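J.: Here you go, one structure.
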Amino acid sequence: MPFISKIQRQTDYNRFPSSTPIVIDNGASYFRIGWAGETEPRVIFRNIVQRPRHKSTGETVTVVGDHDTALLKHFDCTRSGPRSAFDSNVVFQFEIMEYILDFAFDRLGANGSRIDHPILITECVCNPVQSRSKMAELLFETYGVPSVAFGVDAAFSYKYNQQRGICQKDGLAICPGFTTTHVIPFVDGEPVYRGCCRTNIGGYHVTDNLKQLLSLKYPHHMARFTWEKIEDLKMEHCYIAPDYALEARLFLKGSKEAEDKTRCWQLPWVPPPIEEPPSEEEIARKAAIKERQGQRLREMAEAKRSSRINELENQLHRLEFLLQQLAQVEEEEISSFLSKTGYVSKQEIESTLTKVSQSLRKAKGESKVEQAENEEKADSSTSDKYPLINVPDNMLTPEQLKEKKRQIFLKTTTEGRQRAKQKRFEEELEREKKTREDEERRLENPELYLEQMRTKYKELYEKVEQRKRLKTNGGHANGNNSGAVGRGERLNAAQRERMRLLTTAAFDRGKGEDNFGAKDEDWQLYKLMSKDNDDDDDGADEDEAELAWVCSRLQAIDPTFVAKPEPTPSQVATTEVPRVRLLTKEDFQVVLGVERFRCPEILFHPNLVGIDQAGLDEMTGASIRRLASKNEALEDRLTSSIFMTGGCSLFPGLNERLEAGVRMLLPCGSPIKVARALDPVLDAWRGASAYAANLQFQQQTFSRVDYYEKGEDWLRRYQLRYTL
């Protein structure tokens, strides 16, 4: 509907005299209001009310009908969902009905709380008198309307289409509405309510069934399945199958015809960026950048090294000059001279000189062999530091014994450091030798060498990852996690032996007194348990070191190589973690196949959704039997004009399916004709508008004076005549 300002609405409202009736089609799904004599209603909105709370101010507001979701995002709608004034198709929540009427009269242009126009409002078939009286009370007491008329929406639609030759005076009006479905027989243009039938199935149940089926089929897209969107999908794609069982078998076989009947709803999807392999120019550019960065780092390291060499040389000259000065100082003045320099003794100065010399040689880049020879010379020159080690204890004083113990400790520590240095020196030589040999093999055949290194890296990486998974998950590395409880299930031979010893000791000592340890052989158990023959960890360290070396080599010779990231503990804890698949366009497609005809099938078989009631064809047969059980002429007239109205009558194939179902209930050769309304949605309001525009309409109204004088009992007997 186009937007109309409030001033323009009030101007249009004031143009109509007070004798012009207001026509209201009060449906369970949509509310329509307009002026009598017009062909289109002025205001149409959903017949629901919400009372959300504003997120910032906390104020509760009343929202009637459909509103833009962009506006509702400012409100908290979690505690107040959409509410309807209807229970099935009967109005029972008149507080909500008052909100709806206020909104409708305001949009129509009324500028006050009083409505000075007669009202024609629709209701359901055989509406309870309590609901009708409450509606009359609301219109008379709250809005002060002068008169009210109540009529059935399906009857207005039937009369409107009868005037246009769609149906005859005698016929059946079938109205599958929002929550209920009615069958109303007409004789001489008037409804015969004693022959009516009703079932509690309608468009609401079709939409709800489709929403549930799609939610079960696509649970990750449930947020997309809003009620409005499902309504659109239902009206656009659903149809009535001529034979439900045959159609279901057609889709079960997956034939070409079933594929043609399948529809696809594409959800919004943005394709992920495609990572293309780098081109040769890009690889060359990255290699040049890497080379420039390496050159800059080498220059910085060279500058730092030069600065370090200058600093060490200056320190070395200062220490040598200090020793020369100390040699010229007399013994009585040595202590005072050393106190000024910050050193305690001459030995400390010499030790510092030795360390500075070693650091200087290392900074200048002397070879490993030269450094080792210099260190051996320095160590041999300091062998006279421990003169008391070879002296027998009986020849030493108590103070000398303490000094001897200290010298033994210092010598042991020094020898340990020397052995560690020697070991590191040998390892370094071995690595250098291995690197040279590896470089020679690379220069002989670079392509073969690169392929071998990649294969070796892959094998080592898988081997290390397999060992980590075994440590974490036990021996179930093949993806079978049944019974896996962690590392406790992966026991090597030594660990199994310890468990056997513990179990044996527990069973042997479990009875009687606890005398474990009384025998010498009992203590052998601790010796056996203390042995740790776990060679797997050593092998793991060697494999990881080898993997790190291969990775460094590949990074040095292959610019395109990217090392695999080391898995986190949580990733290692899961065995055979499935790789995440990138979402594609097909993952955002909602395919409507069997759902297209399965959902509206509940109009003929309500038991599909747990409602034990009759379908449309059975209701039609029951209505005919109630009214014309022994009158064949009337039965033929009724079946010759079966009229379909209401929103659900828009489903394709409904007329043909209903005609086939009714034909099975009638004698062979009975005339059957099923026709649909010109506009099944708006013809009820148009029929009511044309009826209210008739000059004799005022004789069919129920005035405010009648309401105050006759009360509710007169409303019980009130019935509108549709033929004027």
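Naming scheme: A, B, ... for chains in displayed order of the structure tokens; residues 1 onward per chain; ligands 1 onward as shown.
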As an MDAnalysis selection string, which residues of segment 146-249 of chain A does DSSP assign to helix (DSSP H, G or I)?
T.: chainID A and resid 153:162 193:195 203:217 219:224 227:237 244:249
J.: Just the selected residues (C-alpha atoms), exported as a PDB file, in the first residue's frame, please.
T.:
```pdb
ATOM      1  CA  ASP A 153     -17.145 -13.655   4.647  1.00  0.00           C
ATOM      2  CA  ALA A 154     -17.608 -16.765   2.467  1.00  0.00           C
ATOM      3  CA  ALA A 155     -21.257 -15.773   1.808  1.00  0.00           C
ATOM      4  CA  PHE A 156     -20.229 -12.305   0.644  1.00  0.00           C
ATOM      5  CA  SER A 157     -17.647 -13.824  -1.694  1.00  0.00           C
ATOM      6  CA  TYR A 158     -20.233 -16.278  -3.054  1.00  0.00           C
ATOM      7  CA  LYS A 159     -22.781 -13.512  -3.733  1.00  0.00           C
ATOM      8  CA  TYR A 160     -20.135 -11.300  -5.327  1.00  0.00           C
ATOM      9  CA  ASN A 161     -19.080 -14.054  -7.766  1.00  0.00           C
ATOM     10  CA  GLN A 162     -22.705 -15.122  -8.347  1.00  0.00           C
ATOM     11  CA  TYR A 193     -26.353 -23.200   8.007  1.00  0.00           C
ATOM     12  CA  ARG A 194     -27.800 -26.574   9.060  1.00  0.00           C
ATOM     13  CA  GLY A 195     -25.882 -28.163   6.211  1.00  0.00           C
ATOM     14  CA  GLY A 203      -3.351 -22.245   5.610  1.00  0.00           C
ATOM     15  CA  TYR A 204      -1.707 -21.820   9.011  1.00  0.00           C
ATOM     16  CA  HIS A 205      -1.180 -25.554   9.309  1.00  0.00           C
ATOM     17  CA  VAL A 206       0.206 -25.782   5.769  1.00  0.00           C
ATOM     18  CA  THR A 207       2.730 -23.013   6.493  1.00  0.00           C
ATOM     19  CA  ASP A 208       3.678 -24.485   9.858  1.00  0.00           C
ATOM     20  CA  ASN A 209       4.156 -27.936   8.326  1.00  0.00           C
ATOM     21  CA  LEU A 210       6.396 -26.520   5.583  1.00  0.00           C
ATOM     22  CA  LYS A 211       8.410 -24.579   8.160  1.00  0.00           C
ATOM     23  CA  GLN A 212       8.977 -27.696  10.262  1.00  0.00           C
ATOM     24  CA  LEU A 213       9.996 -29.822   7.270  1.00  0.00           C
ATOM     25  CA  LEU A 214      12.523 -27.249   6.044  1.00  0.00           C
ATOM     26  CA  SER A 215      13.891 -26.733   9.566  1.00  0.00           C
ATOM     27  CA  LEU A 216      14.498 -30.480   9.915  1.00  0.00           C
ATOM     28  CA  LYS A 217      16.023 -30.687   6.447  1.00  0.00           C
ATOM     29  CA  PRO A 219      18.856 -27.049  10.557  1.00  0.00           C
ATOM     30  CA  HIS A 220      21.796 -24.693   9.903  1.00  0.00           C
ATOM     31  CA  HIS A 221      19.491 -22.297   7.996  1.00  0.00           C
ATOM     32  CA  MET A 222      16.669 -22.138  10.561  1.00  0.00           C
ATOM     33  CA  ALA A 223      17.149 -18.392  11.085  1.00  0.00           C
ATOM     34  CA  ARG A 224      16.272 -17.860   7.409  1.00  0.00           C
ATOM     35  CA  TRP A 227       7.043 -17.038   8.935  1.00  0.00           C
ATOM     36  CA  GLU A 228       6.715 -14.419   6.189  1.00  0.00           C
ATOM     37  CA  LYS A 229       9.313 -16.120   3.983  1.00  0.00           C
ATOM     38  CA  ILE A 230       7.685 -19.541   4.423  1.00  0.00           C
ATOM     39  CA  GLU A 231       4.336 -17.974   3.473  1.00  0.00           C
ATOM     40  CA  ASP A 232       5.890 -16.660   0.262  1.00  0.00           C
ATOM     41  CA  LEU A 233       7.456 -20.053  -0.517  1.00  0.00           C
ATOM     42  CA  LYS A 234       4.133 -21.787   0.115  1.00  0.00           C
ATOM     43  CA  MET A 235       2.133 -19.542  -2.211  1.00  0.00           C
ATOM     44  CA  GLU A 236       4.832 -19.552  -4.888  1.00  0.00           C
ATOM     45  CA  HIS A 237       5.860 -23.223  -5.064  1.00  0.00           C
ATOM     46  CA  TYR A 244      -0.540 -38.129  -3.672  1.00  0.00           C
ATOM     47  CA  ALA A 245       0.788 -41.698  -3.563  1.00  0.00           C
ATOM     48  CA  LEU A 246       1.708 -41.678  -7.256  1.00  0.00           C
ATOM     49  CA  GLU A 247       3.453 -38.308  -6.913  1.00  0.00           C
ATOM     50  CA  ALA A 248       5.405 -39.516  -3.874  1.00  0.00           C
ATOM     51  CA  ARG A 249       6.602 -42.615  -5.750  1.00  0.00           C
TER      52      ARG A 249
END
```
J.: With a distance cut-off of 7 Å and only C-alpha atoms, select the neighbouring residues of Ala36 of chain A, excluding the residue or stretch itself and same-chain residues fewer than 3 positions from it, and output the selection as a PyMOL selection string.
T.: chain A and resi 20-23+689-690+692-693
J.: Please measure the separation of atom CA of Thr199 of chain A and atom CA of Phe597 of chain A, giving the value in Å to one decimal.
T.: 20.1 Å
J.: Using DSSP on the backbone coordinates, identify all residues within segment 170-241 of chain A classified as strand (DSSP E or B); present the result as a list in words.
T.: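 Matching residues, listed in order: Gly171, Leu172, Ala173, Ile174, Cys175, Pro176, Thr181, His182, Val183, Ile184, Pro185, Phe186, Val187, Glu190, Pro191, Cys197, Arg198 and Thr199 of chain A.
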J.: I need the residues from that last selection saved to file as a PDB file, in the first residue's frame (with N, CA, C and O atoms), if you can.
T.:
```pdb
ATOM      1  N   GLY A 171     -25.700 -23.917  -4.731  1.00  0.00           N
ATOM      2  CA  GLY A 171     -24.333 -24.413  -4.843  1.00  0.00           C
ATOM      3  C   GLY A 171     -23.688 -24.609  -3.487  1.00  0.00           C
ATOM      4  O   GLY A 171     -24.331 -24.476  -2.431  1.00  0.00           O
ATOM      5  N   LEU A 172     -22.405 -24.927  -3.503  1.00  0.00           N
ATOM      6  CA  LEU A 172     -21.618 -25.147  -2.289  1.00  0.00           C
ATOM      7  C   LEU A 172     -20.447 -24.169  -2.294  1.00  0.00           C
ATOM      8  O   LEU A 172     -19.729 -24.067  -3.297  1.00  0.00           O
ATOM      9  N   ALA A 173     -20.277 -23.477  -1.185  1.00  0.00           N
ATOM     10  CA  ALA A 173     -19.131 -22.578  -1.012  1.00  0.00           C
ATOM     11  C   ALA A 173     -18.131 -23.248  -0.069  1.00  0.00           C
ATOM     12  O   ALA A 173     -18.454 -23.519   1.093  1.00  0.00           O
ATOM     13  N   ILE A 174     -16.953 -23.527  -0.581  1.00  0.00           N
ATOM     14  CA  ILE A 174     -15.892 -24.150   0.220  1.00  0.00           C
ATOM     15  C   ILE A 174     -14.827 -23.089   0.470  1.00  0.00           C
ATOM     16  O   ILE A 174     -14.276 -22.526  -0.484  1.00  0.00           O
ATOM     17  N   CYS A 175     -14.576 -22.823   1.728  1.00  0.00           N
ATOM     18  CA  CYS A 175     -13.657 -21.736   2.105  1.00  0.00           C
ATOM     19  C   CYS A 175     -12.541 -22.281   2.987  1.00  0.00           C
ATOM     20  O   CYS A 175     -12.679 -22.318   4.223  1.00  0.00           O
ATOM     21  N   PRO A 176     -11.429 -22.742   2.405  1.00  0.00           N
ATOM     22  CA  PRO A 176     -10.261 -23.106   3.229  1.00  0.00           C
ATOM     23  C   PRO A 176      -9.533 -21.839   3.679  1.00  0.00           C
ATOM     24  O   PRO A 176      -8.821 -21.203   2.899  1.00  0.00           O
ATOM     25  N   THR A 181     -11.556 -24.584   7.841  1.00  0.00           N
ATOM     26  CA  THR A 181     -12.142 -24.754   6.511  1.00  0.00           C
ATOM     27  C   THR A 181     -13.632 -25.010   6.676  1.00  0.00           C
ATOM     28  O   THR A 181     -14.031 -25.855   7.487  1.00  0.00           O
ATOM     29  N   HIS A 182     -14.451 -24.260   5.915  1.00  0.00           N
ATOM     30  CA  HIS A 182     -15.906 -24.388   5.998  1.00  0.00           C
ATOM     31  C   HIS A 182     -16.471 -24.804   4.654  1.00  0.00           C
ATOM     32  O   HIS A 182     -15.944 -24.419   3.602  1.00  0.00           O
ATOM     33  N   VAL A 183     -17.565 -25.558   4.717  1.00  0.00           N
ATOM     34  CA  VAL A 183     -18.380 -25.881   3.545  1.00  0.00           C
ATOM     35  C   VAL A 183     -19.789 -25.386   3.837  1.00  0.00           C
ATOM     36  O   VAL A 183     -20.420 -25.824   4.815  1.00  0.00           O
ATOM     37  N   ILE A 184     -20.271 -24.427   3.009  1.00  0.00           N
ATOM     38  CA  ILE A 184     -21.575 -23.793   3.237  1.00  0.00           C
ATOM     39  C   ILE A 184     -22.449 -24.047   2.007  1.00  0.00           C
ATOM     40  O   ILE A 184     -22.105 -23.611   0.901  1.00  0.00           O
ATOM     41  N   PRO A 185     -23.581 -24.732   2.152  1.00  0.00           N
ATOM     42  CA  PRO A 185     -24.505 -24.897   1.015  1.00  0.00           C
ATOM     43  C   PRO A 185     -25.384 -23.655   0.838  1.00  0.00           C
ATOM     44  O   PRO A 185     -25.780 -23.011   1.817  1.00  0.00           O
ATOM     45  N   PHE A 186     -25.655 -23.297  -0.399  1.00  0.00           N
ATOM     46  CA  PHE A 186     -26.531 -22.170  -0.734  1.00  0.00           C
ATOM     47  C   PHE A 186     -27.727 -22.690  -1.525  1.00  0.00           C
ATOM     48  O   PHE A 186     -27.573 -23.452  -2.497  1.00  0.00           O
ATOM     49  N   VAL A 187     -28.915 -22.233  -1.118  1.00  0.00           N
ATOM     50  CA  VAL A 187     -30.165 -22.568  -1.806  1.00  0.00           C
ATOM     51  C   VAL A 187     -30.908 -21.265  -2.057  1.00  0.00           C
ATOM     52  O   VAL A 187     -31.172 -20.504  -1.108  1.00  0.00           O
ATOM     53  N   GLU A 190     -29.259 -18.029  -0.589  1.00  0.00           N
ATOM     54  CA  GLU A 190     -29.111 -17.838   0.848  1.00  0.00           C
ATOM     55  C   GLU A 190     -28.384 -19.039   1.447  1.00  0.00           C
ATOM     56  O   GLU A 190     -28.627 -20.192   1.048  1.00  0.00           O
ATOM     57  N   PRO A 191     -27.482 -18.798   2.395  1.00  0.00           N
ATOM     58  CA  PRO A 191     -26.780 -19.924   3.034  1.00  0.00           C
ATOM     59  C   PRO A 191     -27.704 -20.724   3.937  1.00  0.00           C
ATOM     60  O   PRO A 191     -28.563 -20.163   4.626  1.00  0.00           O
ATOM     61  N   CYS A 197     -20.374 -27.593   7.269  1.00  0.00           N
ATOM     62  CA  CYS A 197     -19.348 -28.454   7.869  1.00  0.00           C
ATOM     63  C   CYS A 197     -18.102 -27.613   8.133  1.00  0.00           C
ATOM     64  O   CYS A 197     -17.841 -26.626   7.429  1.00  0.00           O
ATOM     65  N   ARG A 198     -17.357 -28.042   9.128  1.00  0.00           N
ATOM     66  CA  ARG A 198     -16.132 -27.311   9.474  1.00  0.00           C
ATOM     67  C   ARG A 198     -15.065 -28.295   9.928  1.00  0.00           C
ATOM     68  O   ARG A 198     -15.360 -29.303  10.579  1.00  0.00           O
ATOM     69  N   THR A 199     -13.820 -27.995   9.564  1.00  0.00           N
ATOM     70  CA  THR A 199     -12.667 -28.761  10.053  1.00  0.00           C
ATOM     71  C   THR A 199     -11.569 -27.787  10.446  1.00  0.00           C
ATOM     72  O   THR A 199     -11.431 -26.711   9.842  1.00  0.00           O
TER      73      THR A 199
END
```
J.: Could you check which of A:Gln555, A:Gln698, A:Ser5, A:Thr723 is closest to Val148 of chain A, using only C-alpha atoms?
T.: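 Ranking A:Gln555, A:Gln698, A:Ser5, A:Thr723 by distance to Val148 of chain A, first place goes to A:Gln698.
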J.: Just want the 12 Å neighbourhood of Ile48 of chain A, counted on only C-alpha atoms, with same-chain residues fewer than 5 positions away dropped. Output as a PyMOL selection string.
T.: chain A and resi 26-31+62-67+80-86+93+95-101+103
J.: Kindly give the distance, in Å, that separates atom CA of Glu586 of chain A and atom CA of Tyr218 of chain A, rounded to a single decimal.
T.: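 Between these atoms lies a distance of 12.2 Å.
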J.: Grab the atom CA of Gln295 of chain A to atom CA of Glu427 of chain A distance for me, in Å with one decimal place.
T.: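 According to the coordinates, atom CA of Gln295 of chain A and atom CA of Glu427 of chain A are separated by 28.4 Å.
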J.: Looking at only C-alpha atoms, which of A:Met664, A:Ile408, A:Leu396, A:Leu547 is the one that sits closest to Leu460 of chain A?
T.: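 For Leu460 of chain A, the nearest of the candidates is A:Leu547.
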J.: Any idea what's packed within 12 Å of Lys564 of chain A, counting only C-alpha atoms, ignoring anything in its chain fewer than 6 positions away? Could you give it as a ChimeraX atom specification?
T.: /A:457-458,460-462,465,547-548,551,555
J.: When you count only C-alpha atoms, which of these residues is closest to Leu554 of chain A: A:Leu682, A:Ala104, A:Leu316, A:Leu450?
T.: A:Leu450
J.: Go through A:Tyr143, A:Tyr707, A:Phe225, A:Tyr386 and flag the residue nearest Glu403 of chain A, using only C-alpha atoms for the distances.
T.: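 Selected residue with least distance to Glu403 of chain A: A:Tyr386.
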J.: Can you pull out the residues contacting Pro146 of chain A? Cut-off 10 Å, using only C-alpha atoms, and skip same-chain residues under 6 positions away; I want them as a CSV table (one decimal) with all heavy atoms, in the first residue's frame.
T.:
```csv
chain,number,residue,atom,x,y,z
A,18,SER,N,-21.9,10.7,7.0
A,18,SER,CA,-22.0,9.8,8.2
A,18,SER,C,-22.9,8.6,7.8
A,18,SER,O,-22.9,7.5,8.5
A,18,SER,CB,-22.6,10.5,9.4
A,18,SER,OG,-23.9,11.0,9.0
A,19,SER,N,-23.7,8.7,6.7
A,19,SER,CA,-24.5,7.5,6.3
A,19,SER,C,-23.7,6.5,5.5
A,19,SER,O,-24.3,5.4,5.3
A,19,SER,CB,-25.7,8.0,5.5
A,19,SER,OG,-25.2,8.7,4.3
A,114,ARG,N,-14.8,8.6,18.4
A,114,ARG,CA,-16.1,8.3,18.0
A,114,ARG,C,-16.2,8.0,16.5
A,114,ARG,O,-15.7,8.8,15.7
A,114,ARG,CB,-17.1,9.4,18.5
A,114,ARG,CG,-18.6,9.1,18.2
A,114,ARG,CD,-19.4,10.2,18.8
A,114,ARG,NE,-20.8,9.9,18.6
A,114,ARG,CZ,-21.6,9.2,19.4
A,114,ARG,NH1,-21.0,8.7,20.5
A,114,ARG,NH2,-22.8,8.9,19.2
A,115,ILE,N,-16.9,7.0,16.2
A,115,ILE,CA,-17.1,6.6,14.8
A,115,ILE,C,-18.6,6.8,14.4
A,115,ILE,O,-19.5,6.1,15.0
A,115,ILE,CB,-16.7,5.2,14.5
A,115,ILE,CG1,-15.2,5.0,14.9
A,115,ILE,CG2,-16.8,4.8,13.0
A,115,ILE,CD1,-14.2,5.8,14.2
A,116,ASP,N,-18.9,7.7,13.5
A,116,ASP,CA,-20.3,8.1,13.2
A,116,ASP,C,-20.8,7.4,12.0
A,116,ASP,O,-21.7,7.9,11.3
A,116,ASP,CB,-20.4,9.6,13.1
A,116,ASP,CG,-20.2,10.3,14.4
A,116,ASP,OD1,-20.4,9.8,15.4
A,116,ASP,OD2,-19.6,11.5,14.3
A,117,HIS,N,-20.2,6.3,11.6
A,117,HIS,CA,-20.6,5.5,10.4
A,117,HIS,C,-21.1,4.2,10.8
A,117,HIS,O,-20.6,3.5,11.7
A,117,HIS,CB,-19.4,5.4,9.4
A,117,HIS,CG,-18.9,6.7,8.9
A,117,HIS,ND1,-19.3,7.3,7.7
A,117,HIS,CD2,-18.0,7.6,9.4
A,117,HIS,CE1,-18.7,8.5,7.5
A,117,HIS,NE2,-17.9,8.7,8.6
A,118,PRO,N,-22.1,3.6,10.0
A,118,PRO,CA,-22.5,2.2,10.3
A,118,PRO,C,-21.3,1.3,9.9
A,118,PRO,O,-20.5,1.6,9.1
A,118,PRO,CB,-23.7,2.1,9.3
A,118,PRO,CG,-24.1,3.4,9.0
A,118,PRO,CD,-22.9,4.3,9.0
A,119,ILE,N,-21.3,0.1,10.6
A,119,ILE,CA,-20.2,-0.8,10.4
A,119,ILE,C,-20.8,-2.1,9.9
A,119,ILE,O,-21.8,-2.7,10.5
A,119,ILE,CB,-19.5,-1.1,11.8
A,119,ILE,CG1,-18.9,0.2,12.3
A,119,ILE,CG2,-18.4,-2.2,11.6
A,119,ILE,CD1,-17.7,0.7,11.5
A,139,LEU,N,-18.0,-2.2,19.8
A,139,LEU,CA,-18.2,-1.2,18.8
A,139,LEU,C,-19.2,-0.1,19.3
A,139,LEU,O,-19.0,1.1,19.1
A,139,LEU,CB,-18.8,-1.8,17.6
A,139,LEU,CG,-17.9,-2.7,16.8
A,139,LEU,CD1,-18.6,-3.5,15.7
A,139,LEU,CD2,-16.7,-1.9,16.2
A,140,PHE,N,-20.2,-0.5,20.1
A,140,PHE,CA,-21.2,0.5,20.6
A,140,PHE,C,-20.6,1.3,21.8
A,140,PHE,O,-20.8,2.5,21.8
A,140,PHE,CB,-22.5,-0.3,21.0
A,140,PHE,CG,-23.3,-0.7,19.9
A,140,PHE,CD1,-23.8,-2.0,19.9
A,140,PHE,CD2,-23.6,0.1,18.8
A,140,PHE,CE1,-24.6,-2.5,18.8
A,140,PHE,CE2,-24.3,-0.3,17.7
A,140,PHE,CZ,-24.8,-1.6,17.7
A,701,THR,N,-29.2,-3.8,9.6
A,701,THR,CA,-28.3,-3.4,10.6
A,701,THR,C,-28.9,-3.6,12.0
A,701,THR,O,-30.2,-3.6,12.1
A,701,THR,CB,-27.8,-2.0,10.5
A,701,THR,OG1,-28.9,-1.1,10.5
A,701,THR,CG2,-27.0,-1.9,9.1
A,702,PHE,N,-28.1,-3.6,13.0
A,702,PHE,CA,-28.5,-3.7,14.4
A,702,PHE,C,-28.1,-2.4,15.1
A,702,PHE,O,-26.9,-2.2,15.3
A,702,PHE,CB,-27.9,-5.0,15.0
A,702,PHE,CG,-28.2,-5.2,16.5
A,702,PHE,CD1,-29.5,-5.6,16.8
A,702,PHE,CD2,-27.3,-4.9,17.5
A,702,PHE,CE1,-29.8,-5.8,18.2
A,702,PHE,CE2,-27.6,-5.2,18.8
A,702,PHE,CZ,-28.8,-5.6,19.1
A,703,SER,N,-29.0,-1.5,15.4
A,703,SER,CA,-28.7,-0.2,15.8
A,703,SER,C,-28.3,-0.2,17.3
A,703,SER,O,-28.5,-1.2,18.0
A,703,SER,CB,-29.9,0.8,15.6
A,703,SER,OG,-31.0,0.4,16.4
A,704,ARG,N,-27.8,1.0,17.7
A,704,ARG,CA,-27.4,1.1,19.1
A,704,ARG,C,-28.6,1.1,20.0
A,704,ARG,O,-28.6,0.6,21.2
A,704,ARG,CB,-26.6,2.4,19.3
A,704,ARG,CG,-26.0,2.6,20.7
A,704,ARG,CD,-25.0,3.6,20.8
A,704,ARG,NE,-25.5,4.9,20.4
A,704,ARG,CZ,-25.1,5.6,19.4
A,704,ARG,NH1,-24.1,5.1,18.6
A,704,ARG,NH2,-25.5,6.8,19.1
A,705,VAL,N,-29.8,1.6,19.5
A,705,VAL,CA,-31.0,1.6,20.3
A,705,VAL,C,-31.5,0.2,20.5
A,705,VAL,O,-31.9,-0.2,21.6
A,705,VAL,CB,-32.1,2.5,19.6
A,705,VAL,CG1,-33.4,2.4,20.3
A,705,VAL,CG2,-31.6,3.9,19.4
```
